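All remarks here apply to the structure that follows.
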There are 2 protein chains.
Amino acid sequence: MPDRRSRRRQDTIEEALHHGVQVITEQGVGALTISEVARRLGMRAPSLYKYFPSGLHALYDALFARGMEEAKAATERAVAGLAPGAARLRAAGRGYVRWAVENPGLAQLLHWRAVPGFEPSPGVMALSHAGQQLLADELQAAVDAGELRAEANDEEAIDTWTVLLSGLMTQQMANEPGAPFDEGRFTRLTDPVLDLWFERYGTH
Amino acid sequence: MPDRRSRRRQDTIEEALHHGVQVITEQGVGALTISEVARRLGMRAPSLYKYFPSGLHALYDALFARGMEEAKAATERAVAGLAPGAARLRAAGRGYVRWAVENPGLAQLLHWRAVPGFEPSPGVMALSHAGQQLLADELQAAVDAGELRAEANDEEAIDTWTVLLSGLMTQQMANEPGAPFDEGRFTRLTDPVLDLWFERYGTH
DNA sequence: GTCTATACCGTGATAGAC
DNA sequence: GTCTATCACGGTATAGAC
């Protein structure tokens, strides 16, 4: 199946996504256009329609999927080697927020609804649900390890966790874009903010 | 000064802002155009340049200012009659988040950096700082009333407060837009989330 | 203050030659 | 698979008549 032709094709798609990420990172998620990506690819706009037949929305959709993959990979790197438990969960939260501020374009696409007509396709939404399941699994593992109270895997606890991460990312990206994670006025608060959650849901 | 001519002029500006709010509420903050506002005003686009000479950016700027005024007014209504203290602060937080999800267009403009080229003018930023000072005053008053610990007026406490509000608004607007404050999956968590803050910074 | 007219640019998207 | 050509449409913004 992956003969020479389809490999080249995948490479082109890959490169298009790379340039797409560049554009939204530099200019914000609302600044993406087919033309600009084609320009950076050294192509004419119509040619890109061979790779993204439904145009701009397909490009956004692919970037959304790419964003989730990258966020997941970054989070996994951040927790590598840690045993299930509170410390691992904390590392996951830190890693996720760090990834977001270092990839603001993709993070905006994932966490803000900032592109007027766009919403992710069902297939991509399924990926998103899988990501949420991953968080639920981490929480359950920490509960099983005796480091979190049983309620930590309730919907309210999970949603609260996402509210904290979302607030950290959003405030940093909106008010002090470009600041490194360790120096950002808001991202510096990641640990104390997560402490608020652990004080409620951790076992002490 | 406010002769007949300038009053009519103010009315037109007022109406333009009204339609601008409508547009971003309906279609998101990225969907605002001079043409659309002119259309709704029953005007041609060029005419609007008499009121917003620098075009779209001036319109965004005016909407930003309007958003801050409305948010401030809504918050003040929410705390009317309450004495300085923790209860008043909580009501302010609730009122602010409620206003945001009921006015998502303006809230996006204020709290996300979702419009590619735009940033608020210095004059409007001054308004923003005034709003932050208001929060600091509330916190200090609650400290003086003996209901918050002294650290509650530190930068870290203030920033943490804004992180919580931002997370609540953002998660609700991005994941469940249109849901009423009292029913939203995330806005329902406003009280328990603010509890996290009061558990750290309140006196018990 | 509003209009028409215009210049200019950009976009998304499709058809069809090569 | 890429291109040129083209369509249709939208936008911002300015000049100048009324």
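Residue numbering restarts at 1 in every chain; chains get A, B, ... in the order shown in the structure tokens, and ligands count up from 1 in that same order.
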
Exercise. Which polymer residues have any atom within 9 Å of an atom of B:Arg98, counting only C-alpha atoms (C1' of nucleotides), with same-chain residues fewer than 6 positions away left out, as a list in words?
Worked result: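 Returned residues: Ala74, Met169, Pro180, Phe181, Asp182 and Thr187 of chain B.
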
For this session: Quick one: pick out all helix (DSSP H, G or I) residues within stretch 3-184 of chain B from a backbone DSSP run and write them as an NGL selection string.
Result: :B and (4-27 or 29-31 or 34-41 or 45-48 or 56-79 or 86-102 or 104-111 or 122-144 or 150-153 or 155-175)

Save out the residues we just selected, C-alpha atoms, as a tab-separated table (two decimals), in the first residue's frame.
chain	number	residue	atom	x	y	z
B	4	ARG	CA	-28.37	68.32	18.22
B	5	ARG	CA	-25.71	67.34	15.73
B	6	SER	CA	-23.32	65.62	18.13
B	7	ARG	CA	-26.18	63.89	19.89
B	8	ARG	CA	-27.30	62.31	16.65
B	9	ARG	CA	-23.73	61.34	16.00
B	10	GLN	CA	-23.48	59.63	19.37
B	11	ASP	CA	-26.70	57.80	18.69
B	12	THR	CA	-25.33	56.42	15.44
B	13	ILE	CA	-22.12	55.28	17.12
B	14	GLU	CA	-24.22	53.68	19.82
B	15	GLU	CA	-26.27	51.84	17.25
B	16	ALA	CA	-23.17	50.69	15.41
B	17	LEU	CA	-21.75	49.23	18.61
B	18	HIS	CA	-25.04	47.53	19.31
B	19	HIS	CA	-24.96	45.81	15.93
B	20	GLY	CA	-21.29	44.97	16.41
B	21	VAL	CA	-22.10	43.21	19.66
B	22	GLN	CA	-24.87	41.33	17.89
B	23	VAL	CA	-22.53	40.14	15.17
B	24	ILE	CA	-19.82	38.83	17.48
B	25	THR	CA	-22.41	37.27	19.75
B	26	GLU	CA	-24.00	35.41	16.88
B	27	GLN	CA	-20.94	34.46	14.86
B	29	VAL	CA	-15.48	37.60	17.62
B	30	GLY	CA	-13.59	36.79	14.43
B	31	ALA	CA	-16.59	37.39	12.22
B	34	ILE	CA	-17.24	46.90	8.79
B	35	SER	CA	-19.48	45.87	5.94
B	36	GLU	CA	-21.75	43.73	8.08
B	37	VAL	CA	-22.23	46.43	10.69
B	38	ALA	CA	-22.93	48.96	7.96
B	39	ARG	CA	-25.40	46.57	6.40
B	40	ARG	CA	-27.29	46.23	9.66
B	41	LEU	CA	-27.26	49.96	10.11
B	45	ALA	CA	-19.67	50.61	4.33
B	46	PRO	CA	-17.85	53.83	3.43
B	47	SER	CA	-20.23	55.83	5.58
B	48	LEU	CA	-19.12	54.05	8.70
B	56	LEU	CA	-12.19	47.81	11.74
B	57	HIS	CA	-9.59	48.22	14.46
B	58	ALA	CA	-11.34	51.29	15.84
B	59	LEU	CA	-14.56	49.32	15.93
B	60	TYR	CA	-12.90	46.49	17.83
B	61	ASP	CA	-11.37	48.99	20.19
B	62	ALA	CA	-14.70	50.63	20.91
B	63	LEU	CA	-16.28	47.23	21.46
B	64	PHE	CA	-13.49	46.29	23.83
B	65	ALA	CA	-14.18	49.42	25.86
B	66	ARG	CA	-17.88	48.72	25.74
B	67	GLY	CA	-17.31	45.20	26.93
B	68	MET	CA	-15.39	46.39	29.94
B	69	GLU	CA	-18.07	48.90	30.83
B	70	GLU	CA	-20.79	46.29	30.58
B	71	ALA	CA	-18.86	43.71	32.54
B	72	LYS	CA	-18.19	46.24	35.25
B	73	ALA	CA	-21.83	47.28	35.39
B	74	ALA	CA	-23.02	43.68	35.52
B	75	THR	CA	-20.61	42.90	38.33
B	76	GLU	CA	-21.71	45.94	40.27
B	77	ARG	CA	-25.33	44.92	39.93
B	78	ALA	CA	-24.40	41.47	41.20
B	79	VAL	CA	-22.84	42.82	44.38
B	86	ALA	CA	-16.01	37.17	51.15
B	87	ALA	CA	-19.69	36.95	50.21
B	88	ARG	CA	-19.46	40.11	48.15
B	89	LEU	CA	-16.34	38.86	46.40
B	90	ARG	CA	-17.99	35.59	45.59
B	91	ALA	CA	-21.00	37.39	44.19
B	92	ALA	CA	-18.68	39.46	42.03
B	93	GLY	CA	-17.04	36.36	40.64
B	94	ARG	CA	-20.35	34.70	39.96
B	95	GLY	CA	-21.73	37.85	38.38
B	96	TYR	CA	-18.72	38.23	36.15
B	97	VAL	CA	-18.81	34.67	34.87
B	98	ARG	CA	-22.53	34.91	34.34
B	99	TRP	CA	-22.13	38.07	32.34
B	100	ALA	CA	-19.41	36.44	30.24
B	101	VAL	CA	-21.43	33.42	29.18
B	102	GLU	CA	-24.41	35.63	28.47
B	104	PRO	CA	-19.82	35.51	24.74
B	105	GLY	CA	-18.79	37.81	21.94
B	106	LEU	CA	-17.61	40.57	24.20
B	107	ALA	CA	-16.15	38.08	26.65
B	108	GLN	CA	-14.07	36.49	23.91
B	109	LEU	CA	-12.84	39.90	22.89
B	110	LEU	CA	-11.82	40.72	26.46
B	111	HIS	CA	-10.34	37.41	27.52
B	122	PRO	CA	-3.46	52.37	25.33
B	123	GLY	CA	-6.51	54.31	26.39
B	124	VAL	CA	-8.61	51.18	26.53
B	125	MET	CA	-5.86	49.29	28.32
B	126	ALA	CA	-5.99	51.97	31.00
B	127	LEU	CA	-9.64	51.08	31.54
B	128	SER	CA	-8.56	47.49	31.90
B	129	HIS	CA	-6.06	48.37	34.58
B	130	ALA	CA	-8.73	50.35	36.38
B	131	GLY	CA	-10.85	47.20	36.43
B	132	GLN	CA	-8.01	45.24	37.96
B	133	GLN	CA	-7.62	47.94	40.59
B	134	LEU	CA	-11.27	47.52	41.43
B	135	LEU	CA	-10.68	43.85	42.12
B	136	ALA	CA	-7.68	44.69	44.27
B	137	ASP	CA	-9.81	47.14	46.26
B	138	GLU	CA	-12.47	44.51	46.82
B	139	LEU	CA	-9.86	42.09	48.06
B	140	GLN	CA	-8.34	44.65	50.38
B	141	ALA	CA	-11.75	45.50	51.78
B	142	ALA	CA	-12.40	41.83	52.47
B	143	VAL	CA	-9.03	41.56	54.16
B	144	ASP	CA	-9.84	44.58	56.28
B	150	ALA	CA	-3.65	39.29	54.23
B	151	GLU	CA	-2.03	37.44	51.31
B	152	ALA	CA	-5.32	37.56	49.43
B	153	ASN	CA	-4.28	40.87	47.95
B	155	GLU	CA	-0.29	39.35	43.01
B	156	GLU	CA	-0.36	35.57	43.18
B	157	ALA	CA	-3.77	35.53	44.83
B	158	ILE	CA	-5.20	37.98	42.34
B	159	ASP	CA	-3.79	36.12	39.36
B	160	THR	CA	-5.08	32.85	40.74
B	161	TRP	CA	-8.53	34.38	41.06
B	162	THR	CA	-8.46	35.46	37.43
B	163	VAL	CA	-7.23	32.03	36.37
B	164	LEU	CA	-10.26	30.43	37.98
B	165	LEU	CA	-12.72	32.84	36.38
B	166	SER	CA	-11.01	32.59	33.01
B	167	GLY	CA	-11.08	28.80	33.13
B	168	LEU	CA	-14.77	28.71	33.97
B	169	MET	CA	-15.69	31.14	31.20
B	170	THR	CA	-13.42	29.60	28.62
B	171	GLN	CA	-14.44	26.01	29.17
B	172	GLN	CA	-18.09	26.93	29.08
B	173	MET	CA	-17.86	29.13	25.98
B	174	ALA	CA	-15.69	26.67	24.08
B	175	ASN	CA	-17.43	23.41	24.94

For this session: Could you please select, counting only C-alpha atoms (C1' of nucleotides), the residues of chain C within 9 Å of chain A and state them as JSON, numbers by chain?
Result: {"C": [11, 12, 13, 14]}

Just-selected residues, N, CA and C atoms (P, O5', C5', C4', C3', O3' and C1' of nucleotides) written as a PDB file, in the first residue's frame:
ATOM      1  P    DT C  11      -4.963  35.357   0.647  1.00  0.00           P
ATOM      2  O5'  DT C  11      -6.426  34.741   0.725  1.00  0.00           O
ATOM      3  C5'  DT C  11      -7.234  34.991   1.880  1.00  0.00           C
ATOM      4  C4'  DT C  11      -8.662  34.591   1.572  1.00  0.00           C
ATOM      5  C3'  DT C  11      -8.802  33.169   1.054  1.00  0.00           C
ATOM      6  O3'  DT C  11      -8.943  32.276   2.142  1.00  0.00           O
ATOM      7  C1'  DT C  11     -10.176  34.722  -0.187  1.00  0.00           C
ATOM      8  P    DG C  12      -8.810  30.726   1.892  1.00  0.00           P
ATOM      9  O5'  DG C  12     -10.158  30.386   1.114  1.00  0.00           O
ATOM     10  C5'  DG C  12     -11.404  30.650   1.741  1.00  0.00           C
ATOM     11  C4'  DG C  12     -12.507  30.087   0.869  1.00  0.00           C
ATOM     12  C3'  DG C  12     -12.297  28.627   0.495  1.00  0.00           C
ATOM     13  O3'  DG C  12     -13.525  27.921   0.624  1.00  0.00           O
ATOM     14  C1'  DG C  12     -12.419  29.955  -1.483  1.00  0.00           C
ATOM     15  P    DA C  13     -13.467  26.345   0.487  1.00  0.00           P
ATOM     16  O5'  DA C  13     -13.697  26.116  -1.068  1.00  0.00           O
ATOM     17  C5'  DA C  13     -14.841  26.708  -1.676  1.00  0.00           C
ATOM     18  C4'  DA C  13     -14.726  26.625  -3.170  1.00  0.00           C
ATOM     19  C3'  DA C  13     -14.295  25.248  -3.696  1.00  0.00           C
ATOM     20  O3'  DA C  13     -15.430  24.592  -4.253  1.00  0.00           O
ATOM     21  C1'  DA C  13     -13.308  27.079  -4.892  1.00  0.00           C
ATOM     22  P    DT C  14     -15.239  23.134  -4.901  1.00  0.00           P
ATOM     23  O5'  DT C  14     -15.134  23.493  -6.447  1.00  0.00           O
ATOM     24  C5'  DT C  14     -16.074  24.418  -7.006  1.00  0.00           C
ATOM     25  C4'  DT C  14     -15.818  24.572  -8.497  1.00  0.00           C
ATOM     26  C3'  DT C  14     -15.533  23.257  -9.244  1.00  0.00           C
ATOM     27  O3'  DT C  14     -16.310  23.246 -10.439  1.00  0.00           O
ATOM     28  C1'  DT C  14     -13.804  24.824  -9.662  1.00  0.00           C
TER      29       DT C  14
END

Exercise. Could you work out how far atom CA of B:Asn103 lies from atom CA of B:Pro116, giving the answer in Å with one decimal?
Worked result: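 Distance between the two atoms: 20.7 Å.
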
For this session: May I have the residues of chain D within 12 Å of chain A, counting only C-alpha atoms (C1' of nucleotides), written as a PyMOL selection string?
Result: chain D and resi 1-6

Generate a file of the selected residues that holds N, CA, C and O atoms (P, O5', C5', C4', C3', O3' and C1' of nucleotides), formatted as a compact mmCIF listing (two decimals), in the first residue's frame.
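Saved file out25.txt follows:
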# COMPACT_ATOMS: atom_id res chain seq x y z
P DG D 1 -0.91 12.44 -5.79
O5' DG D 1 -0.56 13.72 -6.70
C5' DG D 1 0.42 13.53 -7.64
C4' DG D 1 0.93 14.85 -8.11
C3' DG D 1 0.53 16.08 -7.28
O3' DG D 1 1.65 16.92 -7.23
C1' DG D 1 -0.25 16.34 -9.49
P DT D 2 1.70 18.17 -6.30
O5' DT D 2 1.68 19.41 -7.28
C5' DT D 2 2.69 19.52 -8.27
C4' DT D 2 2.23 20.41 -9.38
C3' DT D 2 1.68 21.77 -8.92
O3' DT D 2 2.68 22.77 -9.07
C1' DT D 2 0.46 20.82 -10.76
P DC D 3 2.29 24.28 -8.82
O5' DC D 3 1.64 24.75 -10.18
C5' DC D 3 2.43 24.75 -11.36
C4' DC D 3 1.56 24.95 -12.58
C3' DC D 3 0.75 26.23 -12.57
O3' DC D 3 1.51 27.27 -13.15
C1' DC D 3 -0.58 24.36 -13.29
P DT D 4 1.01 28.74 -12.95
O5' DT D 4 -0.11 28.89 -14.07
C5' DT D 4 0.17 28.55 -15.43
C4' DT D 4 -1.07 28.77 -16.28
C3' DT D 4 -1.68 30.17 -16.16
O3' DT D 4 -2.11 30.62 -17.44
C1' DT D 4 -3.28 28.55 -15.50
P DA D 5 -2.59 32.12 -17.62
O5' DA D 5 -4.18 31.94 -17.61
C5' DA D 5 -4.76 30.77 -18.16
C4' DA D 5 -6.25 30.74 -17.84
C3' DA D 5 -6.85 32.12 -17.58
O3' DA D 5 -8.01 32.29 -18.40
C1' DA D 5 -7.40 30.65 -15.81
P DT D 6 -8.77 33.65 -18.43
O5' DT D 6 -9.94 33.36 -17.41
C5' DT D 6 -10.61 32.09 -17.47
C4' DT D 6 -11.49 31.94 -16.26
C3' DT D 6 -12.18 33.25 -15.84
O3' DT D 6 -13.56 33.14 -16.13
C1' DT D 6 -11.41 31.96 -13.97

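Here atom CA of B:Val115 stands at a distance of 12.1 Å from atom CA of A:Trp112.
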
For this session: Just give me the gap between atom CA of A:Leu196 and atom CA of B:Leu196 in Å, one decimal is fine.
Result: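 It comes out at 5.7 Å.
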
For this session: Find the spatial neighbours of C:DA7, counting only C-alpha atoms (C1' of nucleotides), within a cut-off of 12 Å - ignore same-chain residues fewer than 3 positions away - and output them as a PyMOL selection string.
Result: chain D and resi 12-15

For this session: Return the single residue from B:Gly85, B:Arg185, B:Arg113, B:Ala145 that is closest to chain A, with distances computed using only C-alpha atoms.
Result: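 Looking at the shortest contact to chain A, the residue is B:Arg113.
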